[in-house]
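Peer 1: Starting off with a structure, shown below.
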Amino acid sequence: MKTTLVQIKTLAAILSLLLSAFVPTPSQSHPVVTQYERQRPVGHKDPSCKSGFQFSFTTSKLTVFESREVVYELSEHAFCEGQVPDPPWGATWDTQPRDSNKSVFRYTLTVSDFAQFRSFLDRPDVKSTESFLNAGPGVGDFKIIIRRTSGPQETEALSLMPSHIQLIEHPALVHLVCRAKQMARVASHAGEIPDWCEGLKPLTGKTLREQNEPGLGLK
(Lines give C-alpha, C1' and ligand atoms only; values in the text may rest on other atoms or scores of the structure.)
Protein backbone atom coordinates (compact mmCIF):
# COMPACT_ATOMS: atom_id res chain seq x y z
CA MET A 1 0.00 0.00 0.00
CA LYS A 2 2.82 2.40 0.91
CA THR A 3 4.54 1.60 -2.38
CA THR A 4 1.35 2.46 -4.28
CA LEU A 5 0.99 5.81 -2.47
CA VAL A 6 4.60 6.69 -3.23
CA GLN A 7 4.06 5.87 -6.89
CA ILE A 8 0.89 8.01 -7.00
CA LYS A 9 2.67 10.96 -5.36
CA THR A 10 5.61 10.61 -7.73
CA LEU A 11 3.29 10.51 -10.75
CA ALA A 12 1.40 13.57 -9.47
CA ALA A 13 4.65 15.47 -9.04
CA ILE A 14 5.75 14.63 -12.57
CA LEU A 15 2.36 15.71 -13.99
CA SER A 16 2.54 18.96 -12.04
CA LEU A 17 5.98 19.74 -13.49
CA LEU A 18 4.81 18.94 -17.01
CA LEU A 19 1.74 21.15 -16.68
CA SER A 20 3.73 24.05 -15.27
CA ALA A 21 6.03 23.91 -18.29
CA PHE A 22 3.08 24.51 -20.63
CA VAL A 23 1.19 27.14 -18.64
CA PRO A 24 2.79 30.53 -19.37
CA THR A 25 3.37 33.06 -16.64
CA PRO A 26 2.60 36.70 -17.49
CA SER A 27 6.23 37.43 -18.37
CA GLN A 28 6.27 34.44 -20.74
CA SER A 29 3.11 35.54 -22.56
CA HIS A 30 3.44 36.52 -26.20
CA PRO A 31 4.28 40.20 -26.76
CA VAL A 32 1.76 42.37 -28.59
CA VAL A 33 4.00 45.39 -29.13
CA THR A 34 7.53 46.41 -28.15
CA GLN A 35 8.92 49.93 -28.27
CA TYR A 36 12.61 50.73 -27.91
CA GLU A 37 13.77 54.26 -27.15
CA ARG A 38 17.30 55.64 -27.36
CA GLN A 39 18.31 59.14 -26.25
CA ARG A 40 21.46 60.92 -27.38
CA PRO A 41 24.35 61.45 -24.93
CA VAL A 42 24.31 64.61 -22.83
CA GLY A 43 27.52 65.98 -21.31
CA HIS A 44 28.09 67.36 -17.82
CA LYS A 45 31.00 68.03 -15.47
CA ASP A 46 32.20 65.10 -13.38
CA PRO A 47 35.39 65.28 -11.27
CA SER A 48 35.60 61.48 -11.15
CA CYS A 49 36.51 61.48 -14.86
CA LYS A 50 40.13 62.18 -15.81
CA SER A 51 38.92 64.74 -18.34
CA GLY A 52 36.52 66.24 -15.81
CA PHE A 53 33.62 65.65 -18.18
CA GLN A 54 31.10 62.79 -18.42
CA PHE A 55 28.45 61.85 -20.97
CA SER A 56 25.27 59.99 -20.10
CA PHE A 57 22.27 58.67 -22.04
CA THR A 58 19.32 56.36 -21.56
CA THR A 59 17.85 53.44 -23.49
CA SER A 60 14.54 51.79 -22.74
CA LYS A 61 12.28 48.97 -23.83
CA LEU A 62 8.55 48.78 -23.21
CA THR A 63 6.65 45.59 -23.97
CA VAL A 64 2.90 44.96 -23.78
CA PHE A 65 2.02 41.27 -23.51
CA GLU A 66 -1.15 39.37 -24.39
CA SER A 67 -1.58 38.79 -20.66
CA ARG A 68 -2.11 42.60 -20.37
CA GLU A 69 1.17 42.91 -18.47
CA VAL A 70 3.35 45.91 -19.29
CA VAL A 71 7.10 45.61 -18.69
CA TYR A 72 9.22 48.75 -18.86
CA GLU A 73 13.02 48.38 -18.81
CA LEU A 74 15.11 51.51 -18.39
CA SER A 75 18.91 51.61 -18.62
CA GLU A 76 21.17 54.52 -17.76
CA HIS A 77 24.59 54.65 -19.37
CA ALA A 78 27.56 56.84 -18.49
CA PHE A 79 31.09 57.20 -19.85
CA CYS A 80 33.89 59.70 -19.43
CA GLU A 81 34.95 62.01 -22.24
CA GLY A 82 37.48 60.24 -24.44
CA GLN A 83 36.04 56.80 -23.67
CA VAL A 84 33.70 54.73 -25.81
CA PRO A 85 30.57 53.21 -24.19
CA ASP A 86 30.19 49.45 -24.44
CA PRO A 87 28.51 48.92 -26.85
CA PRO A 88 28.96 52.25 -28.69
CA TRP A 89 25.94 54.54 -28.71
CA GLY A 90 23.67 53.85 -31.67
CA ALA A 91 25.11 50.40 -32.31
CA THR A 92 22.26 48.50 -30.63
CA TRP A 93 18.80 48.89 -29.13
CA ASP A 94 19.86 46.71 -26.18
CA THR A 95 18.72 47.96 -22.77
CA GLN A 96 21.39 46.18 -20.74
CA PRO A 97 24.96 46.77 -21.98
CA ARG A 98 27.72 46.02 -19.51
CA ASP A 99 28.20 49.67 -18.49
CA SER A 100 24.58 50.39 -17.59
CA ASN A 101 22.34 50.61 -14.54
CA LYS A 102 19.05 48.94 -15.32
CA SER A 103 15.63 49.23 -13.69
CA VAL A 104 12.56 47.12 -14.49
CA PHE A 105 8.97 48.21 -13.82
CA ARG A 106 5.73 46.26 -14.29
CA TYR A 107 2.01 46.83 -14.16
CA THR A 108 -1.12 45.32 -15.70
CA LEU A 109 -3.57 47.07 -18.00
CA THR A 110 -7.25 46.83 -17.18
CA VAL A 111 -9.37 44.75 -19.53
CA SER A 112 -10.92 47.94 -20.91
CA ASP A 113 -7.60 49.73 -21.44
CA PHE A 114 -6.09 46.66 -23.12
CA ALA A 115 -9.10 46.38 -25.45
CA GLN A 116 -8.76 50.05 -26.38
CA PHE A 117 -5.05 49.64 -27.02
CA ARG A 118 -5.59 46.60 -29.25
CA SER A 119 -8.27 48.53 -31.12
CA PHE A 120 -5.82 51.41 -31.58
CA LEU A 121 -3.18 49.04 -33.01
CA ASP A 122 -5.74 47.71 -35.50
CA ARG A 123 -6.45 51.14 -36.98
CA PRO A 124 -5.62 51.35 -40.72
CA ASP A 125 -3.41 54.43 -40.19
CA VAL A 126 -1.41 52.61 -37.50
CA LYS A 127 -1.06 49.53 -39.70
CA SER A 128 0.28 51.70 -42.53
CA THR A 129 2.72 53.67 -40.35
CA GLU A 130 6.04 54.30 -42.12
CA SER A 131 9.52 54.81 -40.71
CA PHE A 132 10.77 58.36 -40.16
CA LEU A 133 14.48 58.92 -40.77
CA ASN A 134 15.71 62.38 -39.88
CA ALA A 135 19.29 63.67 -39.97
CA GLY A 136 18.51 66.77 -37.93
CA PRO A 137 17.65 67.33 -34.27
CA GLY A 138 14.86 65.33 -32.71
CA VAL A 139 13.33 64.05 -29.47
CA GLY A 140 14.93 60.60 -29.60
CA ASP A 141 15.27 57.42 -31.61
CA PHE A 142 12.49 54.82 -31.52
CA LYS A 143 11.94 51.33 -32.84
CA ILE A 144 8.46 49.80 -32.66
CA ILE A 145 7.56 46.18 -33.32
CA ILE A 146 3.86 45.23 -33.53
CA ARG A 147 3.16 41.50 -33.74
CA ARG A 148 0.49 40.77 -36.31
CA THR A 149 -0.88 37.53 -37.74
CA SER A 150 0.75 38.41 -41.08
CA GLY A 151 4.13 38.93 -39.40
CA PRO A 152 5.85 41.63 -37.34
CA GLN A 153 5.33 45.26 -38.34
CA GLU A 154 8.58 47.13 -37.66
CA THR A 155 8.84 50.90 -37.72
CA GLU A 156 11.87 53.05 -36.90
CA ALA A 157 12.05 56.75 -36.12
CA LEU A 158 15.53 58.25 -36.03
CA SER A 159 15.66 61.74 -34.52
CA LEU A 160 11.88 61.85 -34.31
CA MET A 161 10.66 65.39 -35.03
CA PRO A 162 6.96 65.66 -34.10
CA SER A 163 6.77 69.14 -35.67
CA HIS A 164 7.80 67.82 -39.09
CA ILE A 165 5.11 68.39 -41.70
CA GLN A 166 5.06 64.67 -42.53
CA LEU A 167 4.18 63.77 -38.94
CA ILE A 168 1.73 66.62 -38.54
CA GLU A 169 -0.23 65.43 -41.56
CA HIS A 170 0.14 61.74 -40.66
CA PRO A 171 0.47 61.62 -36.85
CA ALA A 172 -0.11 57.88 -36.26
CA LEU A 173 3.59 57.27 -35.54
CA VAL A 174 3.70 60.04 -32.91
CA HIS A 175 0.45 58.77 -31.36
CA LEU A 176 2.00 55.30 -31.15
CA VAL A 177 5.17 56.59 -29.49
CA CYS A 178 3.17 58.70 -27.03
CA ARG A 179 0.95 55.76 -26.06
CA ALA A 180 4.03 53.81 -25.06
CA LYS A 181 5.52 56.79 -23.20
CA GLN A 182 2.29 57.11 -21.22
CA MET A 183 2.49 53.44 -20.24
CA ALA A 184 6.15 53.88 -19.25
CA ARG A 185 5.18 56.80 -17.00
CA VAL A 186 2.45 54.74 -15.31
CA ALA A 187 4.75 51.73 -14.86
CA SER A 188 7.65 53.70 -13.36
CA HIS A 189 5.53 56.21 -11.40
CA ALA A 190 7.93 58.85 -12.68
CA GLY A 191 8.45 61.31 -15.47
CA GLU A 192 6.07 63.52 -17.40
CA ILE A 193 4.38 63.17 -20.76
CA PRO A 194 6.39 65.29 -23.24
CA ASP A 195 4.84 68.54 -24.43
CA TRP A 196 4.97 67.24 -28.00
CA CYS A 197 2.52 64.50 -27.05
CA GLU A 198 -0.08 67.16 -26.24
CA GLY A 199 -2.40 68.60 -28.86
CA LEU A 200 -1.69 65.99 -31.51
CA LYS A 201 -3.87 65.99 -34.59
CA PRO A 202 -6.63 63.40 -33.98
CA LEU A 203 -6.49 60.22 -35.98
CA THR A 204 -9.25 59.98 -38.54
CA GLY A 205 -11.66 57.15 -39.15
CA LYS A 206 -12.52 54.19 -36.95
CA THR A 207 -11.67 50.52 -37.00
CA LEU A 208 -14.42 48.00 -37.64
CA ARG A 209 -14.30 47.03 -33.97
CA GLU A 210 -14.77 50.66 -32.86
CA GLN A 211 -17.74 50.98 -35.18
CA ASN A 212 -19.32 47.89 -33.62
CA GLU A 213 -18.33 48.80 -30.04
CA PRO A 214 -18.63 52.58 -29.53
CA GLY A 215 -17.20 52.30 -26.00
CA LEU A 216 -13.78 51.56 -27.48
CA GLY A 217 -13.26 55.07 -28.85
CA LEU A 218 -9.79 56.60 -28.52
CA LYS A 219 -9.00 58.58 -25.41
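So you can find residues: chains in the C-alpha coordinates are A, B, ... in the order shown, residues in each start at 1, and ligands are numbered from 1 in order.
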Would you mind listing what lies within 10 Å of region 130-141 of chain A as a ChimeraX atom specification, with only C-alpha atoms counted and same-chain residues fewer than 6 positions away left out?

Peer 2: /A:36-40,59,90,93,153-164,166-167,170,172-173,194,196

Peer 1: Fewer than 3 positions away in the same chain doesn't count, so skip those; otherwise give me all residues within 8 Å of Glu76 (chain A), counting only C-alpha atoms, as JSON, numbers by chain.

Peer 2: {"A": [56, 57, 58, 59, 100, 101, 102]}

Peer 1: Fewer than 4 positions away in the same chain doesn't count, so skip those; otherwise give me all residues within 12 Å of Gln83 (chain A), counting only C-alpha atoms, as a ChimeraX atom specification.

Peer 2: /A:49-51,53-56,78-79,87-89,99

Peer 1: Pick out each residue of region 10-150 of chain A that DSSP on the backbone tags as helix (DSSP H, G or I); I need them as number ranges by chain.

Peer 2: A: 10-22, 26-28, 111-121, 124-127

Peer 1: Which is closer to Pro47 (chain A) than all the others in A:Val104, A:Leu176, A:Cys80, A:Leu74, using only C-alpha atoms?

Peer 2: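 Ranked by minimum distance to Pro47 (chain A), first place goes to A:Cys80.
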
Peer 1: Would you compute the distance between CA of Thr129 (chain A) and CA of Ile146 (chain A)? Give it in Å to one decimal.

Peer 2: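 Going from CA of Thr129 (chain A) over to CA of Ile146 (chain A) covers 10.9 Å.
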
Peer 1: May I have all residues of region 69-165 of chain A that DSSP, computed from the backbone, assigns to strand (DSSP E), given as a PyMOL selection string?

Peer 2: chain A and resi 69-80+100-108+132-133+141-148+151-158

Peer 1: With only C-alpha atoms as the atoms that count, which of A:Ala184, A:Val32, A:Asp46, A:Phe117 lies nearest to Leu62 (chain A)?

Peer 2: A:Ala184
